[in-house]
Amino acid sequence: MFTHLHVHSHYSLLDGASSPEELCQRAAELGYTSLALTDTNNLYGALSFTVAAREAGLRPIIGAQITQSLCPEINEPYAVVLARDTEGFSELCGLVSERRLNPNFELQTALQKTSCHVAILTANLVLAKAVSTAKAGREVYFELVDHSPRGDPGRMFQACWSASRAGIPVVISNCVRFSRPDEYFLHKALIAIQTGTPFSNPPAAAITTAAAYLKSPQEMRERFSGFTGVWERTARLAEKCRGLPIMGNFRLPAYACPAGESEFSYLSRLSFAGMRQRYCPPTPKVLTHLARELEIIEQKNFSGYFLVVWDIVREARRRGIPFVCRGSAANSLVIYCLGLTQVEPLRHGLFFERFLNPERTDPPDIDIDFPWDQRDEILEYAYARFDPKRVAMICTFIKLQGRSAIREAGKLLGLTDAEISKFNCRLPYYGGVNDILMAKTRIPECHDLPIQEYPWRDVIKLAARLENTPRHLSVHPGGIVIAPDRVDKIMPRERSSKGLVVTQYDMYSVEDSGFVKIDLLGQRGLAVIRDAGRQAGLDWNAIDPTRDVASRALLAQGRTLGCFYVESPAMRLLLRKLRCESFELLTAASSIIRPGVSNSGMMRMFVERHLGRQKVQYAHPCLKPLLSSTYGVMVYQEDVIKVAHAVANISLAEADQLRQCMSKKRHWKKMDTYRERFFKGARENKVPLEAAREIWRQIESFGGYAFCKAHSASYAYLSFQSAYLKAHFPAEFMAAVLSNQGGFYRPAVYWEEARRLGLRLHPPDVNTSTWKYRSERRAIRAGLLHVKGLQHAHIEKLVAEREQNGLFKSLADLLQRTTLSLKEAEALIQAGACDTFSRNRAQLFWELHLARPAHPRRSNQTSPELPLTTQIDVPLVRGPDPDEALAMEFRCLDLSPRAHPLMLFRGRLSALAGGSGKLNPVAARDLQQHTGRQVWAYGWLVTWRLTRVHRTGEMMKFVTLEDLTATFEVTLFPDTYSREGHKLNGPGPYLVRGRVENDHGAITLTAERIENLSAERKAGIGTL
């Protein structure tokens, strides 16, 4: 039977319009028994297509269209290369990799090097002849395509005759770009996005015709009715092509050990040497546990994997780069003895089987965090150390989703960026295009979105069709593959826009191919601890922050804004409720805050039981030895494994697979199977049905993804280090937080926290500031990184010039000695960074423009031509008043060293306080004194979180505000949110009336009324 051998999916990025699943579904509907996928210069969708084809009852055929250039036009010569067998698939991977990585790639030469394990189709007869004559036995075919509106048999017969004369066999195809005729407009839209042209006028050379859809066998037979032999040859070729993606069997990284050592013997020697350093002396329990772990590692053949990670971390330690082992790997005593984690697994009761057990069928992950600005240094080492051909980062696909789909659709239909941004900023960050209708009806801020009006009606309709289409390739946050041999024997590689070589498979396809990934992740919290610790001169080997009184108090009081992982509003409230002082309790808190535990009600149960306000109970007696340390509540992922094993006799391997189903992976369809298995095992163990139901409810709630205990413990240690720095070295700590641009909040929030800590805040200054923030005893000097519009390279040159040739004497001197553009100089003036020159900002603007040449120049011109003198006379003009200067700084920096943004509204705020009939708002730091009362409070928006009530599905909102004294949390329950939520637009300030609640020491304001006091919303104040 005829088979389409040249088919593009949406993995032919911004060209193909249908997903592999849609193509397979349509092919099955049309009665095909096989189908090929041949995306342009890639095998991105090879595995997903293989799965989809088999599910649709089709035999998959894998290939790729290889082009001479990486950005081909429709009429450019190409070749479709199909894998005939497993060797052919490996050859195809290598060919695609060469096309992507070799800047001197030459299509004809590359095809002439191919073997008989692949088949080649091309519509270019010259190319077909050159490849065919280069080596006997190679299967080269001339591809006959007819995309004319009504068919062009004369031209087709002529092409077929020419190919036959040249001795090139002919096959037919339709060069498919979309599954159905009505998707032609989507192909045009994607080409327009790709080329940056209007939807109405994409370049003709880049677009195919409306005939390039997946035609039925009958349509193809009618169009090629006179080509009987060609039809049969196409079917025979399809039968020959059976090369599929290589899957299964672990492909573990190999490690070059010292002479005379095997991987296992070397790992054992390193582990026992580390054990003797960590334990003085090691106990029989430690020896037994270590030996058991090593036995399992040898049994699973993972020794080389452990050694590769140890080698990378050893190099980081040699270079002075901090790191932390996250995830379940920290459960392992071997990992601890190798020095990869500071969390001692036996002391904290960590469960090794969560990381690795004899029955586990998938590979474990070892995830290592490094400072975000040094992660690339470690990656470069890994590429060099283990052979660049064996190493690749894992790719990910950035798809058009929600807001991005609307943005692209709006641009295609002629809307400006400003118009699209104004619409998009009202939409929730999560969800897809279809969720916009829900947002309009259920999210008050979106009630007046004009989604039924022109042009937004058309924009949303187009965006819905664009949604979930891959837009471009990106790099996984940390996943790296180190193969035992060349990566591209199994999957192709290419170079990312960042310059790193990456796989063409995403994380799941990489795992399905048998590769064991290593996550080398970049983390800003580690960089904060590194920078602040160095400024403070700390030696962490001599400090145990978990025993520090000041650090414990800071955590218990929830004063953790800026501290790694424990600074979100919800986490700070939880710390106050728990009065969290100990490392063990913080470890639990780091997991119960996760959605799986918190949304199920088990977080509340944990808090009540910890505080002694609820009796500790167990759903079944067998749970007591497993959950006694967490008050009978399942908190960690390991708890699922242990409880399922104990209650239902589910094996460790099955229980771990159950745990995977509920983590953010891909196996939710298996949950019904595990549910039946659980209840069957519980019955056999004579566990009462009601108890089994409650236990399963708790297990199922982990679908929201709790942490494993080792991960929580690793993060808890970093949280304690952050708390120690904030408690003892606040200036160094806050400067590091601001410099690394990391954390839950925007920079202005940390700036105000520094002010509340009593630190002096100095503005950016061209004569003292660097790119980063810097501590100056009990003060912080603002860096230049947050001045909008500055190029990092220009600031680096400015600092180097200042250090080499002295301070700048005037603005003209600054301009003459640096490469600043006009716009950059204007930004520095507005930010107050040029106030050091003893002229007000209005005079500085005069000086700036007088220092420019007389003739017109572009505003982004660098290296301006200046007079020889650096002394320029300027008019005696009045500078901006304090409020004008403050507003200028907020526009340029999003913060002000001199005052809180609320000071811009001090007149209106003063009118609300004092005197008869006034509102008398309560300061945030005093709210606790008004517990149970109705009060007014005001504040500037810090952050917010939208959530859905679990039982009713109604929307509610949590808002964090700050005044001049502290931050405070405001809760808008569904009724209030639906009534008042539309006023929550912009940063505020907001005036809130509500009831002060005290939940075990966590103070919140339950809102009943909200007013937006910003200058844009004048109505309402007079009616209060």
# chains A, B, ... in the order shown; residues from 1 in each chain; ligands from 1
>>> residues_around(residues="A:Leu92", least_positions_apart="4", cutoff="8 Å", atoms="only C-alpha atoms", output="PDB file with N, CA, C and O atoms, in the first residue's frame")
ATOM      1  N   GLY A  63      12.775   9.371   9.388  1.00  0.00           N
ATOM      2  CA  GLY A  63      13.721  10.006   8.494  1.00  0.00           C
ATOM      3  C   GLY A  63      13.855  11.478   8.823  1.00  0.00           C
ATOM      4  O   GLY A  63      13.335  11.957   9.831  1.00  0.00           O
ATOM      5  N   ALA A  64      14.569  12.191   7.959  1.00  0.00           N
ATOM      6  CA  ALA A  64      14.728  13.638   8.128  1.00  0.00           C
ATOM      7  C   ALA A  64      14.991  14.258   6.769  1.00  0.00           C
ATOM      8  O   ALA A  64      15.624  13.634   5.904  1.00  0.00           O
ATOM      9  N   VAL A  81      16.198  11.595   3.953  1.00  0.00           N
ATOM     10  CA  VAL A  81      16.989  10.410   4.290  1.00  0.00           C
ATOM     11  C   VAL A  81      16.177   9.554   5.255  1.00  0.00           C
ATOM     12  O   VAL A  81      15.772  10.027   6.328  1.00  0.00           O
ATOM     13  N   LEU A  82      15.913   8.308   4.863  1.00  0.00           N
ATOM     14  CA  LEU A  82      15.095   7.384   5.649  1.00  0.00           C
ATOM     15  C   LEU A  82      15.962   6.270   6.222  1.00  0.00           C
ATOM     16  O   LEU A  82      16.842   5.737   5.524  1.00  0.00           O
ATOM     17  N   ALA A  83      15.711   5.926   7.481  1.00  0.00           N
ATOM     18  CA  ALA A  83      16.479   4.861   8.140  1.00  0.00           C
ATOM     19  C   ALA A  83      15.889   3.508   7.757  1.00  0.00           C
ATOM     20  O   ALA A  83      14.709   3.236   8.002  1.00  0.00           O
ATOM     21  N   GLY A  88      21.010   2.207  10.170  1.00  0.00           N
ATOM     22  CA  GLY A  88      20.596   3.372   9.398  1.00  0.00           C
ATOM     23  C   GLY A  88      20.106   4.504  10.285  1.00  0.00           C
ATOM     24  O   GLY A  88      20.360   5.678   9.991  1.00  0.00           O
ATOM     25  N   VAL A  96      22.351  14.160  10.719  1.00  0.00           N
ATOM     26  CA  VAL A  96      21.648  15.343  11.233  1.00  0.00           C
ATOM     27  C   VAL A  96      22.575  16.165  12.126  1.00  0.00           C
ATOM     28  O   VAL A  96      22.591  17.401  12.061  1.00  0.00           O
ATOM     29  N   VAL A 118      20.608   3.476   4.699  1.00  0.00           N
ATOM     30  CA  VAL A 118      19.612   4.538   4.576  1.00  0.00           C
ATOM     31  C   VAL A 118      19.159   4.606   3.115  1.00  0.00           C
ATOM     32  O   VAL A 118      19.857   4.145   2.211  1.00  0.00           O
TER      33      VAL A 118
END
>>> select_by_dssp(residues="stretch 129-309 of chain A", states="strand (DSSP E)", output="list in words")
Glu139, Val140, Tyr141, Phe142, Glu143, Leu144, Val145, Val170, Val171, Ile172 and Ser173 of chain A
>>> residues_around(residues="A:Arg317", least_positions_apart="5", cutoff="12 Å", atoms="only C-alpha atoms", output="list in words")
Trp310, Asp311, Ile312, Pro322, Phe323, Val324, Gly339, Leu340, Phe370 and Ile378 of chain A
>>> closest_atom_pairs(of="stretch 179-269 of chain A", to="stretch 280-296 of chain A", cutoff="9 Å", atoms="only C-alpha atoms", output="Markdown table")
| residue | atom | partner | partner_atom | distance |
| --- | --- | --- | --- | --- |
| A:Phe264 | CA | A:Leu294 | CA | 8.3 |
| A:Leu267 | CA | A:Leu294 | CA | 8.5 |
| A:Ser268 | CA | A:Leu294 | CA | 7.0 |
>>> atom_distance(atom1="atom CA of A:Pro747", atom2="atom CA of A:Ala405")
28.9 Å
>>> atom_distance(atom1="atom CA of A:Asn805", atom2="atom CA of A:Leu784")
19.9 Å
>>> closest_residue(among="A:Leu919, A:Met507, A:Ala210, A:Leu333", to="A:Glu353", atoms="only C-alpha atoms")
A:Leu333
>>> residues_around(residues="A:Gly151", least_positions_apart="4", cutoff="9 Å", atoms="only C-alpha atoms", output="JSON, numbers by chain")
{"A": [146, 147, 156, 223, 224]}
>>> residues_around(residues="A:Gly45", least_positions_apart="3", cutoff="10 Å", atoms="only C-alpha atoms", output="short mmCIF file (atom, residue, chain, number, x, y, z; two decimals) with N, CA, C and O atoms, in the first residue's frame")
data_model
loop_
_atom_site.label_atom_id
_atom_site.label_comp_id
_atom_site.auth_asym_id
_atom_site.auth_seq_id
_atom_site.Cartn_x
_atom_site.Cartn_y
_atom_site.Cartn_z
N SER A 9 6.08 17.50 10.60
CA SER A 9 5.22 17.84 11.73
C SER A 9 5.56 19.25 12.21
O SER A 9 6.39 19.93 11.61
N HIS A 10 4.94 19.64 13.33
CA HIS A 10 5.28 20.98 13.85
C HIS A 10 6.69 21.04 14.43
O HIS A 10 7.13 22.11 14.85
N TYR A 11 7.39 19.88 14.43
CA TYR A 11 8.80 19.93 14.82
C TYR A 11 9.70 20.43 13.68
O TYR A 11 10.90 20.66 13.92
N SER A 12 9.15 20.58 12.48
CA SER A 12 9.81 21.42 11.48
C SER A 12 9.41 22.84 11.88
O SER A 12 8.39 23.37 11.43
N SER A 19 0.87 18.32 14.78
CA SER A 19 1.70 17.55 15.70
C SER A 19 1.85 16.12 15.17
O SER A 19 1.05 15.66 14.34
N PRO A 20 2.86 15.38 15.62
CA PRO A 20 2.98 13.97 15.23
C PRO A 20 1.71 13.18 15.55
O PRO A 20 1.29 12.32 14.77
N GLU A 21 1.10 13.48 16.68
CA GLU A 21 -0.12 12.77 17.07
C GLU A 21 -1.26 13.05 16.09
O GLU A 21 -2.01 12.14 15.71
N LEU A 37 7.90 10.17 9.22
CA LEU A 37 8.10 11.52 9.74
C LEU A 37 9.48 11.97 9.30
O LEU A 37 10.48 11.31 9.59
N THR A 38 9.55 13.10 8.60
CA THR A 38 10.82 13.56 8.04
C THR A 38 10.98 15.06 8.25
O THR A 38 10.96 15.85 7.30
N ASP A 39 11.10 15.47 9.48
CA ASP A 39 11.22 16.90 9.78
C ASP A 39 12.54 17.46 9.29
O ASP A 39 13.51 16.73 9.07
N ASN A 42 16.15 17.60 11.63
CA ASN A 42 16.04 17.22 13.03
C ASN A 42 15.27 15.92 13.18
O ASN A 42 14.53 15.50 12.28
N SER A 48 8.27 10.53 20.05
CA SER A 48 6.84 10.76 20.25
C SER A 48 6.05 10.29 19.04
O SER A 48 4.94 9.76 19.17
N PHE A 49 6.61 10.46 17.84
CA PHE A 49 5.95 9.97 16.63
C PHE A 49 5.87 8.45 16.64
O PHE A 49 4.84 7.86 16.27
N THR A 50 6.94 7.79 17.05
CA THR A 50 6.94 6.32 17.10
C THR A 50 5.84 5.81 18.02
O THR A 50 5.09 4.88 17.67
N ILE A 62 11.08 6.40 10.11
CA ILE A 62 11.79 7.57 10.63
C ILE A 62 12.79 8.07 9.60
O ILE A 62 13.56 7.31 9.01
N GLN A 504 18.94 16.57 20.54
CA GLN A 504 17.69 16.91 19.86
C GLN A 504 16.49 16.23 20.51
O GLN A 504 15.36 16.38 20.04
N TYR A 505 16.73 15.48 21.58
CA TYR A 505 15.65 14.86 22.34
C TYR A 505 15.44 15.64 23.62
O TYR A 505 16.41 16.10 24.25
N ASP A 506 14.18 15.77 24.04
CA ASP A 506 13.92 16.39 25.33
C ASP A 506 14.17 15.38 26.44
O ASP A 506 14.58 14.24 26.20
N SER A 509 12.44 11.88 26.20
CA SER A 509 12.98 11.05 25.11
C SER A 509 14.39 10.59 25.43
O SER A 509 14.79 9.47 25.08
#
>>> closest_residue(among="A:Val935, A:Leu338, A:Tyr674, A:Pro477", to="A:Ala273", atoms="only C-alpha atoms")
A:Leu338
>>> atom_distance(atom1="atom CA of A:Ile490", atom2="atom CA of A:Ala27")
27.3 Å
>>> closest_residue(among="A:Glu76, A:Glu143, A:Glu954, A:Glu826", to="A:Asn174", atoms="only C-alpha atoms")
A:Glu143
>>> residues_around(residues="stretch 794-799 of chain A", least_positions_apart="4", cutoff="8 Å", atoms="only C-alpha atoms", output="ChimeraX atom specification")
/A:770-771,784,790,803,817-820
>>> select_by_dssp(residues="stretch 479-568 of chain A", states="helix (DSSP H, G or I)", output="MDAnalysis selection string")
chainID A and resid 487:489 507:512 524:536 540:542 545:547 549:556
>>> closest_residue(among="A:Gly229, A:Gly742, A:Pro217, A:Gly758", to="A:Ala527", atoms="only C-alpha atoms")
A:Gly742
>>> residues_around(residues="stretch 572-588 of chain A", least_positions_apart="2", cutoff="7 Å", atoms="only C-alpha atoms", output="PyMOL selection string")
chain A and resi 546+552-553+555-558+560+566-570+590-592+607+635+712-713+716+999-1002
>>> decode(residues="stretch 453-487 of chain A", atoms="C-alpha atoms", output="compact mmCIF listing (two decimals), in the first residue's frame")
# COMPACT_ATOMS: atom_id res chain seq x y z
CA GLU A 453 -14.72 42.56 20.44
CA TYR A 454 -12.71 43.18 17.30
CA PRO A 455 -9.76 42.61 16.96
CA TRP A 456 -9.33 40.53 20.12
CA ARG A 457 -11.95 38.01 19.04
CA ASP A 458 -9.83 37.18 15.99
CA VAL A 459 -6.59 37.31 17.95
CA ILE A 460 -7.84 34.75 20.46
CA LYS A 461 -9.18 32.50 17.72
CA LEU A 462 -5.83 32.48 15.93
CA ALA A 463 -3.90 32.10 19.20
CA ALA A 464 -5.94 29.00 20.07
CA ARG A 465 -4.76 27.39 16.82
CA LEU A 466 -1.16 28.40 17.41
CA GLU A 467 -1.11 27.14 20.97
CA ASN A 468 1.19 24.22 21.88
CA THR A 469 3.17 24.65 18.66
CA PRO A 470 6.94 24.46 19.32
CA ARG A 471 8.49 27.85 18.62
CA HIS A 472 12.16 27.19 19.19
CA LEU A 473 14.65 24.92 20.88
CA SER A 474 16.00 25.82 24.29
CA VAL A 475 18.21 24.21 26.91
CA HIS A 476 16.98 22.20 29.90
CA PRO A 477 17.76 24.06 33.16
CA GLY A 478 20.46 21.58 34.09
CA GLY A 479 20.16 18.19 32.43
CA ILE A 480 23.35 16.88 30.86
CA VAL A 481 24.11 13.54 29.21
CA ILE A 482 27.53 11.91 29.36
CA ALA A 483 27.41 8.88 27.09
CA PRO A 484 29.68 5.83 27.05
CA ASP A 485 30.28 6.54 23.34
CA ARG A 486 29.30 9.24 20.84
CA VAL A 487 25.93 10.73 21.74
